[in-house]
Amino acid sequence: ALNEICRISGDPRTGYELLMKACIIYVIGKLYENNDYELNEKMLVKSNVFTKVLEYTEQSFFDPFLGLDKVAKETHFSRSYVSKLFRENTGSSFCEYLTSLRLSKACEMLHSTDSSVLDVSLACGFQNVSYFIQVFKKRYGMTPLVFRSNK
């Protein structure tokens, strides 16, 4: 499962966040089952906090003004604590995670709709279509239009 987590994080594709969560939960379950690691109340609370932060982020990814400050405010935690949670649980910054999530959603839309690249970028929280195309190309090695044509 740990090798799978490394493989998934090295090749982020659509839905990789869910696969990563499943692997992490599996590892924690196995450790608990084998009494190799005692889950304490503090760990469970921290896990629940991150789940709350992650759920809010995933439900609000389309908001072009979503940022660390807004997530912290809406989930009632400090900015630095939310930032730390993302680093500890995903290995990336909040900004990197959000961009990856938005790109993943954009891929889904490019495959499942006929919406223009501009509409897809706006629907996924990107305020600037040029920036969207740039980060999309950097991540996937092709423009969104080429990606769509490779269905």
# chains A, B, ... in the order shown; residues from 1 in each chain; ligands from 1
call {"tool": "closest_atom_pairs", "arguments": {"of": "region 18-94 of chain A", "to": "region 105-120 of chain A", "cutoff": "12 Å", "atoms": "only C-alpha atoms", "output": "tab-separated table"}}
result
residue	atom	partner	partner_atom	distance
A:Glu58	CA	A:Lys105	CA	10.1
A:Gln59	CA	A:Lys105	CA	11.5
A:Ser60	CA	A:Lys105	CA	11.9
A:Phe61	CA	A:Lys105	CA	9.0
A:Phe62	CA	A:Lys105	CA	9.2
call {"tool": "residues_around", "arguments": {"residues": "Thr57 (chain A)", "least_positions_apart": "3", "cutoff": "9 Å", "atoms": "only C-alpha atoms", "output": "PDB file with N, CA and C atoms, in the first residue's frame"}}
result
ATOM      1  N   LYS A  52     -12.292  17.453   7.206  1.00  0.00           N
ATOM      2  CA  LYS A  52     -13.168  18.624   7.098  1.00  0.00           C
ATOM      3  C   LYS A  52     -12.566  19.656   6.147  1.00  0.00           C
ATOM      4  N   VAL A  53     -11.280  19.927   6.282  1.00  0.00           N
ATOM      5  CA  VAL A  53     -10.583  20.896   5.428  1.00  0.00           C
ATOM      6  C   VAL A  53     -10.586  20.410   3.974  1.00  0.00           C
ATOM      7  N   LEU A  54     -10.303  19.137   3.781  1.00  0.00           N
ATOM      8  CA  LEU A  54     -10.256  18.561   2.436  1.00  0.00           C
ATOM      9  C   LEU A  54     -11.636  18.587   1.779  1.00  0.00           C
ATOM     10  N   SER A  60     -15.382  23.388  -2.974  1.00  0.00           N
ATOM     11  CA  SER A  60     -15.269  24.803  -3.344  1.00  0.00           C
ATOM     12  C   SER A  60     -14.186  25.077  -4.380  1.00  0.00           C
ATOM     13  N   PHE A  61     -13.622  24.040  -4.988  1.00  0.00           N
ATOM     14  CA  PHE A  61     -12.498  24.202  -5.908  1.00  0.00           C
ATOM     15  C   PHE A  61     -12.791  25.179  -7.045  1.00  0.00           C
ATOM     16  N   LEU A  66     -10.805  31.018  -3.942  1.00  0.00           N
ATOM     17  CA  LEU A  66     -10.478  30.047  -2.902  1.00  0.00           C
ATOM     18  C   LEU A  66      -8.973  30.078  -2.659  1.00  0.00           C
ATOM     19  N   GLY A  67      -8.620  30.188  -1.422  1.00  0.00           N
ATOM     20  CA  GLY A  67      -7.215  30.198  -1.034  1.00  0.00           C
ATOM     21  C   GLY A  67      -7.094  29.693   0.380  1.00  0.00           C
ATOM     22  N   VAL A  71     -10.133  28.957   3.193  1.00  0.00           N
ATOM     23  CA  VAL A  71     -10.348  27.608   3.737  1.00  0.00           C
ATOM     24  C   VAL A  71     -10.185  27.642   5.259  1.00  0.00           C
ATOM     25  N   LEU A  98      -4.594  22.384  -4.670  1.00  0.00           N
ATOM     26  CA  LEU A  98      -5.744  23.013  -5.306  1.00  0.00           C
ATOM     27  C   LEU A  98      -5.576  23.055  -6.824  1.00  0.00           C
TER      28      LEU A  98
END
call {"tool": "select_by_dssp", "arguments": {"residues": "chain A", "states": "helix (DSSP H, G or I)", "output": "PyMOL selection string"}}
result
chain A and resi 2-10+16-33+41-60+68-75+79-90+94-112+117-123+129-140+144-149
call {"tool": "closest_residue", "arguments": {"among": "A:Cys6, A:Ala1, A:Val49, A:Leu122", "to": "Ile28 (chain A)", "atoms": "only C-alpha atoms"}}
result
A:Ala1
call {"tool": "residues_around", "arguments": {"residues": "Lys138 (chain A)", "least_positions_apart": "6", "cutoff": "12 Å", "atoms": "only C-alpha atoms", "output": "number ranges by chain"}}
result
A: 99-100, 103, 131-132, 144
call {"tool": "write_last_selection", "arguments": {"atoms": "C-alpha atoms", "output": "tab-separated table (two decimals), in the first residue's frame"}}
result
chain	number	residue	atom	x	y	z
A	99	THR	CA	-4.16	23.43	-8.73
A	100	SER	CA	-3.92	19.67	-9.11
A	103	LEU	CA	-6.69	20.35	-13.35
A	131	TYR	CA	-2.62	30.55	-17.09
A	132	PHE	CA	-4.94	27.53	-17.22
A	144	PRO	CA	-6.44	21.21	-23.29
call {"tool": "closest_residue", "arguments": {"among": "A:Ser121, A:Cys23, A:Glu17, A:Tyr97", "to": "Glu4 (chain A)", "atoms": "only C-alpha atoms"}}
result
A:Cys23
call {"tool": "atom_distance", "arguments": {"atom1": "CA of Thr14 (chain A)", "atom2": "CA of Arg102 (chain A)"}}
result
10.2 Å
call {"tool": "residues_around", "arguments": {"residues": "Ile25 (chain A)", "least_positions_apart": "6", "cutoff": "12 Å", "atoms": "only C-alpha atoms", "output": "number ranges by chain"}}
result
A: 1-2, 5, 18-19, 31-33, 44, 47, 51, 89
call {"tool": "write_last_selection", "arguments": {"atoms": "C-alpha atoms", "output": "short mmCIF file (atom, residue, chain, number, x, y, z; two decimals), in the first residue's frame"}}
result
data_model
loop_
_atom_site.label_atom_id
_atom_site.label_comp_id
_atom_site.auth_asym_id
_atom_site.auth_seq_id
_atom_site.Cartn_x
_atom_site.Cartn_y
_atom_site.Cartn_z
CA ALA A 1 0.00 0.00 0.00
CA LEU A 2 2.87 2.39 0.75
CA ILE A 5 0.85 5.70 -2.47
CA LEU A 18 -9.40 9.38 -3.79
CA LEU A 19 -6.97 6.54 -4.49
CA LEU A 31 -1.63 -0.93 11.59
CA TYR A 32 -4.57 -0.69 13.95
CA GLU A 33 -5.72 -4.24 13.15
CA LEU A 44 -8.22 10.77 15.17
CA SER A 47 -7.56 13.15 10.85
CA THR A 51 -11.08 15.51 6.38
CA ASN A 89 -1.24 14.66 4.56
#
call {"tool": "closest_residue", "arguments": {"among": "A:Leu145, A:Ala22, A:Val82, A:Ala123", "to": "Ile8 (chain A)", "atoms": "only C-alpha atoms"}}
result
A:Ala22
call {"tool": "closest_residue", "arguments": {"among": "A:Ser9, A:Asn48, A:Thr143, A:Ser104", "to": "Leu85 (chain A)", "atoms": "only C-alpha atoms"}}
result
A:Asn48
call {"tool": "closest_residue", "arguments": {"among": "A:Thr90, A:Asp63, A:Glu55, A:Glu74", "to": "Met20 (chain A)", "atoms": "only C-alpha atoms"}}
result
A:Thr90
call {"tool": "atom_distance", "arguments": {"atom1": "CA of Ser93 (chain A)", "atom2": "CA of Thr75 (chain A)"}}
result
17.3 Å
call {"tool": "closest_residue", "arguments": {"among": "A:Tyr26, A:Phe65, A:Phe147, A:Tyr140", "to": "Cys95 (chain A)", "atoms": "only C-alpha atoms"}}
result
A:Phe65
call {"tool": "decode", "arguments": {"residues": "region 5-21 of chain A", "atoms": "N, CA, C and O atoms", "output": "CSV table (one decimal), in the first residue's frame"}}
result
chain,number,residue,atom,x,y,z
A,5,ILE,N,0.9,4.3,-2.8
A,5,ILE,CA,0.9,5.7,-2.5
A,5,ILE,C,1.9,6.5,-3.2
A,5,ILE,O,1.7,7.5,-3.8
A,6,CYS,N,3.2,5.9,-3.2
A,6,CYS,CA,4.3,6.6,-3.9
A,6,CYS,C,4.0,6.6,-5.4
A,6,CYS,O,4.2,7.6,-6.1
A,7,ARG,N,3.5,5.5,-6.0
A,7,ARG,CA,3.2,5.4,-7.4
A,7,ARG,C,2.1,6.4,-7.8
A,7,ARG,O,2.3,7.1,-8.7
A,8,ILE,N,1.1,6.5,-7.0
A,8,ILE,CA,0.0,7.4,-7.3
A,8,ILE,C,0.4,8.9,-7.2
A,8,ILE,O,0.1,9.7,-8.1
A,9,SER,N,1.2,9.2,-6.2
A,9,SER,CA,1.6,10.6,-6.1
A,9,SER,C,2.6,11.0,-7.2
A,9,SER,O,2.7,12.2,-7.5
A,10,GLY,N,3.3,10.0,-7.7
A,10,GLY,CA,4.2,10.3,-8.8
A,10,GLY,C,3.6,10.5,-10.2
A,10,GLY,O,4.2,10.9,-11.1
A,11,ASP,N,2.3,10.0,-10.3
A,11,ASP,CA,1.6,10.1,-11.6
A,11,ASP,C,0.2,10.5,-11.3
A,11,ASP,O,-0.8,9.7,-11.4
A,12,PRO,N,0.0,11.8,-11.0
A,12,PRO,CA,-1.4,12.3,-10.6
A,12,PRO,C,-2.3,12.3,-11.8
A,12,PRO,O,-2.0,13.0,-12.8
A,13,ARG,N,-3.3,11.5,-11.8
A,13,ARG,CA,-4.3,11.4,-12.9
A,13,ARG,C,-5.7,11.7,-12.2
A,13,ARG,O,-5.8,11.9,-11.0
A,14,THR,N,-6.7,11.8,-13.1
A,14,THR,CA,-8.0,12.0,-12.6
A,14,THR,C,-8.3,11.0,-11.5
A,14,THR,O,-8.2,9.8,-11.6
A,15,GLY,N,-8.8,11.6,-10.3
A,15,GLY,CA,-9.2,10.7,-9.2
A,15,GLY,C,-8.1,10.2,-8.3
A,15,GLY,O,-8.4,9.5,-7.4
A,16,TYR,N,-6.9,10.7,-8.6
A,16,TYR,CA,-5.8,10.2,-7.8
A,16,TYR,C,-5.9,10.5,-6.3
A,16,TYR,O,-5.5,9.8,-5.4
A,17,GLU,N,-6.6,11.6,-6.0
A,17,GLU,CA,-6.8,12.0,-4.6
A,17,GLU,C,-7.6,10.9,-3.8
A,17,GLU,O,-7.2,10.6,-2.7
A,18,LEU,N,-8.6,10.4,-4.4
A,18,LEU,CA,-9.4,9.4,-3.8
A,18,LEU,C,-8.6,8.1,-3.6
A,18,LEU,O,-8.7,7.4,-2.6
A,19,LEU,N,-7.8,7.7,-4.6
A,19,LEU,CA,-7.0,6.5,-4.5
A,19,LEU,C,-6.0,6.7,-3.4
A,19,LEU,O,-5.7,5.8,-2.6
A,20,MET,N,-5.4,7.9,-3.3
A,20,MET,CA,-4.4,8.2,-2.2
A,20,MET,C,-5.1,8.1,-0.8
A,20,MET,O,-4.5,7.4,0.1
A,21,LYS,N,-6.3,8.6,-0.7
A,21,LYS,CA,-7.0,8.5,0.6
A,21,LYS,C,-7.3,7.1,1.0
A,21,LYS,O,-7.1,6.7,2.1
